file input.txt (compact mmCIF, C-alpha atoms)
# COMPACT_ATOMS: atom_id res chain seq x y z
CA MET L 639 141.42 88.44 89.96
CA VAL L 640 139.89 87.52 93.27
CA ARG L 641 136.11 87.03 93.13
CA THR L 642 134.12 86.95 96.33
CA ILE L 643 130.90 85.35 97.52
CA ILE L 644 129.56 86.95 100.68
CA LEU L 645 127.24 84.62 102.58
CA ILE L 646 125.76 86.28 105.63
CA THR L 647 123.75 84.60 108.37
CA LEU L 648 122.71 86.79 111.27
CA THR L 649 121.57 84.98 114.40
CA ALA L 650 118.25 85.64 116.12
CA LEU L 651 117.82 89.34 115.46
CA THR L 652 114.61 90.83 116.80
CA ILE L 653 112.66 92.22 113.84
CA SER L 654 110.14 94.91 114.69
CA CYS L 655 107.67 96.27 112.16
CA CYS L 656 108.26 99.86 111.19
CA THR L 657 105.40 102.15 112.15
CA ALA L 658 106.96 105.46 111.21
CA GLN L 659 106.44 107.05 107.82
CA THR L 660 109.49 107.11 105.56
CA THR L 661 110.84 110.54 104.68
CA THR L 662 114.03 111.68 103.04
CA ASN L 663 114.85 114.25 105.73
CA ASN L 664 116.86 115.85 102.92
CA GLU L 665 114.28 118.15 101.37
CA ASN L 666 115.56 121.30 103.06
CA LYS L 667 119.26 120.64 102.61
CA GLU L 668 121.16 122.98 100.33
CA ASP L 669 122.74 120.05 98.52
CA SER L 670 119.36 118.50 97.61
CA ILE L 671 117.36 119.42 94.54
CA SER L 672 114.53 117.90 92.52
CA GLY L 673 113.07 118.48 89.09
CA TYR L 674 111.71 117.08 85.86
CA ALA L 675 113.91 116.24 82.89
CA PRO L 676 112.68 116.04 79.28
CA VAL L 677 113.95 112.61 78.17
CA ASN L 678 112.63 110.52 75.29
CA GLY L 679 109.18 112.12 75.43
CA LEU L 680 108.93 111.83 79.23
CA LYS L 681 109.03 114.47 81.92
CA MET L 682 111.08 112.29 84.26
CA TYR L 683 111.09 113.18 87.94
CA TYR L 684 114.45 113.05 89.70
CA GLU L 685 116.03 114.07 92.98
CA ILE L 686 119.67 114.79 93.76
CA HIS L 687 120.96 114.45 97.32
CA GLY L 688 124.47 114.89 98.66
CA THR L 689 127.81 115.28 96.93
CA GLY L 690 130.51 112.92 95.73
CA THR L 691 130.65 110.15 93.17
CA PRO L 692 127.29 109.84 91.36
CA LEU L 693 125.07 106.95 92.48
CA VAL L 694 121.78 106.39 90.66
CA LEU L 695 118.94 104.70 92.57
CA ILE L 696 116.30 102.88 90.48
CA HIS L 697 113.16 101.77 92.34
CA GLY L 698 111.20 98.55 92.00
CA GLY L 699 107.97 97.86 90.14
CA GLY L 700 104.87 99.67 91.39
CA SER L 701 107.11 101.81 93.57
CA THR L 702 108.46 105.30 94.13
CA ILE L 703 111.81 106.57 95.35
CA GLN L 704 110.57 106.53 98.92
CA THR L 705 108.94 103.10 98.97
CA THR L 706 112.12 101.40 97.76
CA PHE L 707 114.91 103.58 99.14
CA GLY L 708 113.35 105.75 101.85
CA ARG L 709 115.23 103.96 104.65
CA VAL L 710 118.67 104.07 103.01
CA LEU L 711 118.75 107.16 100.76
CA ASN L 712 120.08 109.48 103.48
CA ASP L 713 122.89 107.08 104.32
CA PHE L 714 124.10 106.92 100.72
CA ALA L 715 123.81 110.71 100.38
CA LYS L 716 126.39 111.15 103.16
CA THR L 717 129.16 110.01 100.81
CA HIS L 718 127.66 110.06 97.29
CA LYS L 719 125.84 112.34 94.91
CA VAL L 720 122.60 110.34 94.87
CA ILE L 721 120.40 110.68 91.78
CA ALA L 722 117.07 109.01 92.55
CA VAL L 723 114.57 108.63 89.71
CA GLU L 724 110.95 107.71 89.16
CA LEU L 725 110.42 105.78 85.95
CA GLN L 726 107.64 106.03 83.37
CA ALA L 727 104.14 105.84 84.95
CA HIS L 728 105.57 105.66 88.49
CA GLY L 729 105.09 108.30 91.16
CA ARG L 730 105.68 111.80 89.82
CA THR L 731 106.70 110.69 86.32
CA ALA L 732 103.52 110.63 84.25
CA ASP L 733 102.80 107.85 81.77
CA ILE L 734 102.98 108.34 78.01
CA ASP L 735 101.68 106.30 75.10
CA ARG L 736 104.36 103.65 74.70
CA PRO L 737 104.91 100.19 76.20
CA LEU L 738 106.84 99.73 79.41
CA SER L 739 110.10 97.84 78.99
CA PHE L 740 113.30 97.49 80.93
CA GLU L 741 115.21 98.45 77.80
CA GLN L 742 113.25 101.70 77.45
CA ASP L 743 113.66 102.48 81.15
CA ALA L 744 117.41 102.00 80.74
CA ASP L 745 117.46 104.36 77.77
CA ASP L 746 115.49 106.92 79.80
CA VAL L 747 117.95 106.80 82.71
CA ALA L 748 120.87 107.08 80.30
CA ALA L 749 119.25 110.15 78.73
CA LEU L 750 118.67 111.65 82.18
CA LEU L 751 122.35 111.30 83.03
CA LYS L 752 123.25 113.11 79.81
CA TYR L 753 120.71 115.82 80.61
CA LEU L 754 122.32 116.28 84.04
CA GLY L 755 125.81 116.35 82.54
CA ILE L 756 126.91 113.20 84.34
CA ASP L 757 129.31 111.20 82.18
CA LYS L 758 129.45 108.06 84.30
CA ALA L 759 127.72 106.78 87.43
CA ASP L 760 127.33 103.83 89.73
CA ILE L 761 123.84 102.30 89.43
CA PHE L 762 121.83 100.64 92.22
CA GLY L 763 118.62 98.98 91.08
CA PHE L 764 116.14 96.99 93.14
CA SER L 765 113.82 94.29 91.70
CA ASN L 766 112.46 95.68 88.40
CA GLY L 767 114.93 98.51 88.84
CA ALA L 768 117.71 95.93 88.88
CA SER L 769 116.44 94.55 85.57
CA THR L 770 116.70 98.11 84.25
CA THR L 771 120.21 98.31 85.69
CA LEU L 772 121.27 95.18 83.79
CA GLN L 773 119.94 96.75 80.58
CA LEU L 774 121.84 99.96 81.33
CA ALA L 775 125.06 97.99 81.68
CA ILE L 776 124.32 96.18 78.40
CA ARG L 777 123.01 99.10 76.32
CA HIS L 778 125.00 102.02 77.74
CA PRO L 779 128.24 100.59 79.17
CA GLU L 780 130.11 103.84 78.62
CA GLN L 781 127.85 105.54 81.20
CA VAL L 782 128.12 102.83 83.86
CA ASN L 783 130.87 102.55 86.46
CA LYS L 784 129.68 99.83 88.87
CA ILE L 785 126.29 98.19 89.33
CA ILE L 786 124.38 96.86 92.31
CA VAL L 787 121.59 94.53 91.20
CA ALA L 788 119.29 93.59 94.07
CA SER L 789 116.55 90.95 94.07
CA THR L 790 116.38 90.34 90.34
CA PHE L 791 116.75 87.54 87.79
CA TYR L 792 117.84 87.59 84.19
CA LYS L 793 115.75 84.65 83.06
CA LYS L 794 112.34 83.31 84.04
CA ASP L 795 113.54 80.18 85.78
CA GLY L 796 115.54 82.37 88.13
CA ALA L 797 112.35 83.09 90.07
CA GLN L 798 110.88 80.86 92.75
CA PRO L 799 108.51 78.20 91.29
CA TRP L 800 105.39 79.92 92.64
CA PHE L 801 106.18 83.35 91.19
CA TRP L 802 104.89 83.02 87.64
CA GLY L 803 101.65 81.41 88.75
CA PHE L 804 101.19 84.33 91.11
CA MET L 805 101.90 86.85 88.33
CA ALA L 806 99.45 85.14 85.97
CA LYS L 807 96.65 85.94 88.44
CA ALA L 808 97.94 89.29 89.70
CA THR L 809 95.35 92.06 90.15
CA PHE L 810 95.19 95.62 91.38
CA GLU L 811 93.52 94.37 94.55
CA GLY L 812 96.64 92.34 95.33
CA MET L 813 98.95 95.36 95.12
CA PRO L 814 100.32 96.10 98.62
CA GLN L 815 98.47 99.01 100.21
CA PRO L 816 101.66 100.87 101.24
CA LEU L 817 102.62 101.07 97.54
CA LYS L 818 99.17 102.38 96.62
CA ASP L 819 99.29 104.98 99.39
CA ALA L 820 102.79 106.12 98.41
CA PHE L 821 101.81 106.52 94.74
CA LEU L 822 98.73 108.56 95.63
CA LYS L 823 100.79 110.74 97.94
CA GLU L 824 102.84 111.83 94.91
CA ASN L 825 100.11 111.55 92.26
CA SER L 826 96.47 111.72 93.37
CA ASP L 827 95.13 110.34 90.06
CA THR L 828 93.62 106.94 90.94
CA ASN L 829 93.28 106.09 87.24
CA ALA L 830 97.03 106.58 86.83
CA LEU L 831 97.62 104.25 89.77
CA HIS L 832 95.41 101.53 88.26
CA LYS L 833 97.09 101.94 84.87
CA MET L 834 100.59 101.78 86.35
CA CYS L 835 99.74 98.60 88.23
CA GLN L 836 98.30 96.91 85.14
CA ARG L 837 101.26 97.98 83.01
CA ASP L 838 103.72 96.51 85.52
CA ILE L 839 101.73 93.27 85.69
CA THR L 840 101.64 93.02 81.90
CA ARG L 841 105.37 93.66 81.64
CA MET L 842 106.17 90.85 84.06
CA GLN L 843 103.70 88.47 82.43
CA SER L 844 105.58 88.96 79.15
CA PHE L 845 109.06 88.86 80.73
CA SER L 846 111.78 87.80 78.29
CA ASP L 847 115.09 86.23 79.28
CA ILE L 848 118.34 88.08 78.77
CA SER L 849 120.66 85.79 76.86
CA GLU L 850 123.82 84.55 78.50
CA GLU L 851 125.75 86.09 75.61
CA LEU L 852 124.40 89.54 76.47
CA MET L 853 124.96 89.03 80.18
CA LYS L 854 128.61 88.20 79.51
CA THR L 855 129.03 91.56 77.76
CA ILE L 856 128.55 93.33 81.11
CA LYS L 857 132.06 94.37 82.09
CA ALA L 858 131.13 96.71 84.95
CA PRO L 859 131.94 95.32 88.40
CA ALA L 860 128.66 93.99 89.80
CA PHE L 861 127.37 93.40 93.32
CA ILE L 862 124.46 90.93 93.31
CA ILE L 863 122.25 91.00 96.42
CA ILE L 864 119.24 88.86 97.32
CA GLY L 865 117.43 87.74 100.45
CA ASP L 866 117.49 84.09 101.41
CA ALA L 867 113.66 84.14 101.30
CA ASP L 868 113.49 86.29 98.17
CA VAL L 869 111.52 86.01 94.93
CA VAL L 870 114.84 85.06 93.35
CA ARG L 871 116.19 81.53 93.86
CA PRO L 872 119.58 81.55 95.64
CA GLU L 873 120.86 79.10 93.03
CA HIS L 874 120.05 81.63 90.30
CA ALA L 875 121.90 84.39 92.14
CA VAL L 876 124.96 82.13 92.25
CA GLU L 877 124.51 81.40 88.53
CA MET L 878 124.41 85.12 87.77
CA TYR L 879 127.47 85.65 89.95
CA ARG L 880 129.38 83.02 87.97
CA LEU L 881 128.16 84.39 84.64
CA LEU L 882 129.14 88.04 85.13
CA PRO L 883 132.89 88.40 84.72
CA HIS L 884 133.47 90.82 87.63
CA ALA L 885 130.86 90.01 90.26
CA LYS L 886 130.40 89.71 94.01
CA LEU L 887 127.41 88.15 95.75
CA ALA L 888 125.63 88.63 99.05
CA ILE L 889 122.78 86.39 100.20
CA LEU L 890 121.22 88.15 103.18
CA PRO L 891 118.59 87.01 105.66
CA GLY L 892 115.01 87.99 104.88
CA GLY L 893 112.58 88.50 102.06
CA HIS L 894 112.27 90.74 99.01
CA GLY L 895 113.96 94.04 99.85
CA GLU L 896 114.05 93.48 103.60
CA TYR L 897 117.80 94.15 103.62
CA ILE L 898 117.20 97.78 102.57
CA GLY L 899 113.95 98.23 104.47
CA GLU L 900 111.67 98.39 101.43
CA ILE L 901 108.38 99.81 102.66
CA THR L 902 106.37 96.57 102.63
CA THR L 903 108.97 94.78 104.80
CA SER L 904 109.93 94.88 108.45
CA GLN L 905 112.59 97.36 109.47
CA ASP L 906 115.67 95.70 110.92
CA SER L 907 118.10 98.56 111.45
CA THR L 908 121.05 96.20 112.00
CA LEU L 909 120.49 94.40 108.71
CA ILE L 910 119.88 97.64 106.80
CA ALA L 911 123.07 99.19 108.20
CA ALA L 912 125.05 96.08 107.24
CA THR L 913 123.71 96.25 103.69
CA VAL L 914 124.58 99.92 103.31
CA SER L 915 128.06 99.25 104.67
CA MET L 916 128.67 96.39 102.21
CA ILE L 917 127.46 98.45 99.27
CA ASN L 918 129.64 101.41 100.24
CA LYS L 919 132.64 99.10 100.60
CA PHE L 920 131.97 97.71 97.11
CA LEU L 921 131.60 101.18 95.62
CA ASN L 922 134.77 102.44 97.27
CA GLU L 923 136.95 99.60 96.03
CA PRO L 924 139.20 100.65 93.13
CA ILE L 925 138.49 99.11 89.75
CA THR L 926 141.64 97.17 88.94
CA LYS L 927 143.04 96.54 85.50
CA ALA L 928 141.93 92.94 85.85
CA ASN L 929 138.34 94.22 85.93
call {"tool": "encode", "arguments": {"input": "input.txt", "output": "structure tokens"}}
result
Amino acid sequence: MVRTIILITLTALTISCCTAQTTTNNENKEDSISGYAPVNGLKMYYEIHGTGTPLVLIHGGGSTIQTTFGRVLNDFAKTHKVIAVELQAHGRTADIDRPLSFEQDADDVAALLKYLGIDKADIFGFSNGASTTLQLAIRHPEQVNKIIVASTFYKKDGAQPWFWGFMAKATFEGMPQPLKDAFLKENSDTNALHKMCQRDITRMQSFSDISEELMKTIKAPAFIIIGDADVVRPEHAVEMYRLLPHAKLAILPGGHGEYIGEITTSQDSTLIAATVSMINKFLNEPITKAN
């Protein structure tokens, strides 16, 4: 089996800040629907865009579908049946009285797929959503085809040295304003916004490693993506790449989520297009018997 590391360095691209609001531009298409699914006590909000092989998009912490994937969702919907979700306490999915955990989020997404009658899907998770994606691959392997795990770590020392000190002092005031605005656009309850932020902070402050033994149980082909100035250490991304039995790796220029145009980052259309192209190539590759 040939395993590939993709190392990309793009020279002197002009990065201009995005001033336009992100929109799906899909809301009026006949092949786009949205709704709420009763899963594990939640009324989970989801959207479906496009047709083709199912691709689930799982947003980052403190985020919504739009803040994480607003600049790439349409591109994926051209060739995939995109199922975009909002997890417990985020955006249009209201909170309920239970702790937040990546394991529970994974169980919720798995239950949503069953509710929608989707036997198996590719999963693309960003940041906290990538941690959920790893748990999906571990806990529900029969429902997972391929995974894209972007800007995440499976153990605490995978983060940059400054990260845990930052998280120990994290406050609502430090939450990026674009994330606050996006939440309130979908849910005007400011108390829910404060609670979501504190829950996400608490979850990260109590982050637990995934054991190497569990990581090695992930048999789904995996595409690991980080930025070279990401929260995740490049060395850890390489470690994860070597640990997962069927993995590829891309280290892209820029910070946390810049390669997909996450809302708090600059919008570099060249970089975003390259990322979408690489992900589509990965998803379109046949799964060989060696995998």
call {"tool": "closest_atom_pairs", "arguments": {"input": "input.txt", "of": "stretch 709-827 of chain L", "to": "stretch 906-918 of chain L", "cutoff": "8 Å", "atoms": "all atoms listed in the file", "output": "JSON lines"}}
result
{"residue": "L:Val710", "atom": "CA", "partner": "L:Val914", "partner_atom": "CA", "distance": 7.2}
{"residue": "L:Asp713", "atom": "CA", "partner": "L:Val914", "partner_atom": "CA", "distance": 7.4}
{"residue": "L:Phe714", "atom": "CA", "partner": "L:Val914", "partner_atom": "CA", "distance": 7.5}
{"residue": "L:Ile786", "atom": "CA", "partner": "L:Ile917", "partner_atom": "CA", "distance": 7.8}
call {"tool": "closest_residue", "arguments": {"input": "input.txt", "among": "L:Gln843, L:Gln742, L:Ser672, L:Gln836", "to": "L:Leu754", "atoms": "all atoms listed in the file"}}
result
L:Ser672
call {"tool": "atom_distance", "arguments": {"input": "input.txt", "atom1": "atom CA of L:Asp847", "atom2": "atom CA of L:Met878"}}
result
12.7 Å
call {"tool": "closest_residue", "arguments": {"input": "input.txt", "among": "L:Phe845, L:Tyr674, L:Phe707, L:Phe821", "to": "L:Tyr792", "atoms": "only C-alpha atoms"}}
result
L:Phe845
call {"tool": "closest_atom_pairs", "arguments": {"input": "input.txt", "of": "stretch 651-746 of chain L", "to": "stretch 773-781 of chain L", "cutoff": "12 Å", "atoms": "all atoms listed in the file", "output": "CSV"}}
result
residue,atom,partner,partner_atom,distance
L:Pro692,CA,L:Gln781,CA,11.0
L:Leu693,CA,L:Gln781,CA,11.7
L:Val694,CA,L:Gln781,CA,11.3
L:Ile696,CA,L:Leu774,CA,11.1
L:Ser739,CA,L:Gln773,CA,10.0
L:Phe740,CA,L:Gln773,CA,6.7
L:Glu741,CA,L:Gln773,CA,5.7
L:Gln742,CA,L:Gln773,CA,8.9
L:Asp743,CA,L:Gln773,CA,8.5
L:Ala744,CA,L:Leu774,CA,4.9
L:Asp745,CA,L:Leu774,CA,7.2
L:Asp746,CA,L:Leu774,CA,9.5
call {"tool": "residues_near_point", "arguments": {"input": "input.txt", "point": "(105.2, 97.7, 103.7)", "cutoff": "12 Å", "atoms": "all atoms listed in the file", "output": "ChimeraX atom specification"}}
result
/L:655-660,701,704-706,708-709,813-820,893-896,899-905
call {"tool": "closest_residue", "arguments": {"input": "input.txt", "among": "L:Ala867, L:Pro924, L:Asp760, L:Val787", "to": "L:Leu882", "atoms": "all atoms listed in the file"}}
result
L:Val787
call {"tool": "closest_residue", "arguments": {"input": "input.txt", "among": "L:Ala722, L:Ala768, L:Leu695, L:Ala748", "to": "L:Ile671", "atoms": "only C-alpha atoms"}}
result
L:Ala722
call {"tool": "residues_around", "arguments": {"input": "input.txt", "residues": "stretch 716-719 of chain L", "least_positions_apart": "6", "cutoff": "7 Å", "atoms": "only C-alpha atoms", "output": "list in words"}}
result
Ile686, His687, Gly688, Thr689, Gly690, Thr691, Pro692 and Leu693 of chain L
call {"tool": "write_last_selection", "arguments": {"input": "input.txt", "atoms": "C-alpha atoms", "output": "PDB file, keeping the file's coordinate frame"}}
result
ATOM      1  CA  ILE L 686     119.670 114.790  93.760  1.00  0.00           C
ATOM      2  CA  HIS L 687     120.960 114.450  97.320  1.00  0.00           C
ATOM      3  CA  GLY L 688     124.470 114.890  98.660  1.00  0.00           C
ATOM      4  CA  THR L 689     127.810 115.280  96.930  1.00  0.00           C
ATOM      5  CA  GLY L 690     130.510 112.920  95.730  1.00  0.00           C
ATOM      6  CA  THR L 691     130.650 110.150  93.170  1.00  0.00           C
ATOM      7  CA  PRO L 692     127.290 109.840  91.360  1.00  0.00           C
ATOM      8  CA  LEU L 693     125.070 106.950  92.480  1.00  0.00           C
TER       9      LEU L 693
END
call {"tool": "atom_distance", "arguments": {"input": "input.txt", "atom1": "atom CA of L:Leu887", "atom2": "atom CA of L:Leu852"}}
result
19.6 Å
call {"tool": "residues_around", "arguments": {"input": "input.txt", "residues": "L:Phe861", "least_positions_apart": "6", "cutoff": "12 Å", "atoms": "all atoms listed in the file", "output": "ChimeraX atom specification"}}
result
/L:641-644,760-764,768,771-772,783-790,875-876,878-880,882-889,913,916-921,923
call {"tool": "atom_distance", "arguments": {"input": "input.txt", "atom1": "atom CA of L:Leu725", "atom2": "atom CA of L:Asn678"}}
result
11.9 Å
call {"tool": "closest_residue", "arguments": {"input": "input.txt", "among": "L:Lys793, L:Phe804, L:Asn922, L:Glu850", "to": "L:His874", "atoms": "all atoms listed in the file"}}
result
L:Lys793
call {"tool": "closest_residue", "arguments": {"input": "input.txt", "among": "L:Gly700, L:Leu711, L:Phe810, L:Ile839", "to": "L:Ser670", "atoms": "only C-alpha atoms"}}
result
L:Leu711
call {"tool": "axis_aligned_box", "arguments": {"input": "input.txt", "around": "stretch 829-844 of chain L", "padding_each_side": "6 Å", "output": "JSON"}}
result
{"center_x": 99.7, "center_y": 97.5, "center_z": 84.5, "size_x": 24.9, "size_y": 30.1, "size_z": 22.6}
call {"tool": "residues_around", "arguments": {"input": "input.txt", "residues": "L:Asp827", "least_positions_apart": "6", "cutoff": "12 Å", "atoms": "all atoms listed in the file", "output": "list in words"}}
result
Ala727, His728, Gly729, Arg730, Ala732, Asp733, Lys818, Asp819, Phe821, Lys833 and Met834 of chain L
call {"tool": "write_last_selection", "arguments": {"input": "input.txt", "atoms": "C-alpha atoms", "output": "PDB file, in the coordinates of the input"}}
result
ATOM      1  CA  ALA L 727     104.140 105.840  84.950  1.00  0.00           C
ATOM      2  CA  HIS L 728     105.570 105.660  88.490  1.00  0.00           C
ATOM      3  CA  GLY L 729     105.090 108.300  91.160  1.00  0.00           C
ATOM      4  CA  ARG L 730     105.680 111.800  89.820  1.00  0.00           C
ATOM      5  CA  ALA L 732     103.520 110.630  84.250  1.00  0.00           C
ATOM      6  CA  ASP L 733     102.800 107.850  81.770  1.00  0.00           C
ATOM      7  CA  LYS L 818      99.170 102.380  96.620  1.00  0.00           C
ATOM      8  CA  ASP L 819      99.290 104.980  99.390  1.00  0.00           C
ATOM      9  CA  PHE L 821     101.810 106.520  94.740  1.00  0.00           C
ATOM     10  CA  LYS L 833      97.090 101.940  84.870  1.00  0.00           C
ATOM     11  CA  MET L 834     100.590 101.780  86.350  1.00  0.00           C
TER      12      MET L 834
END
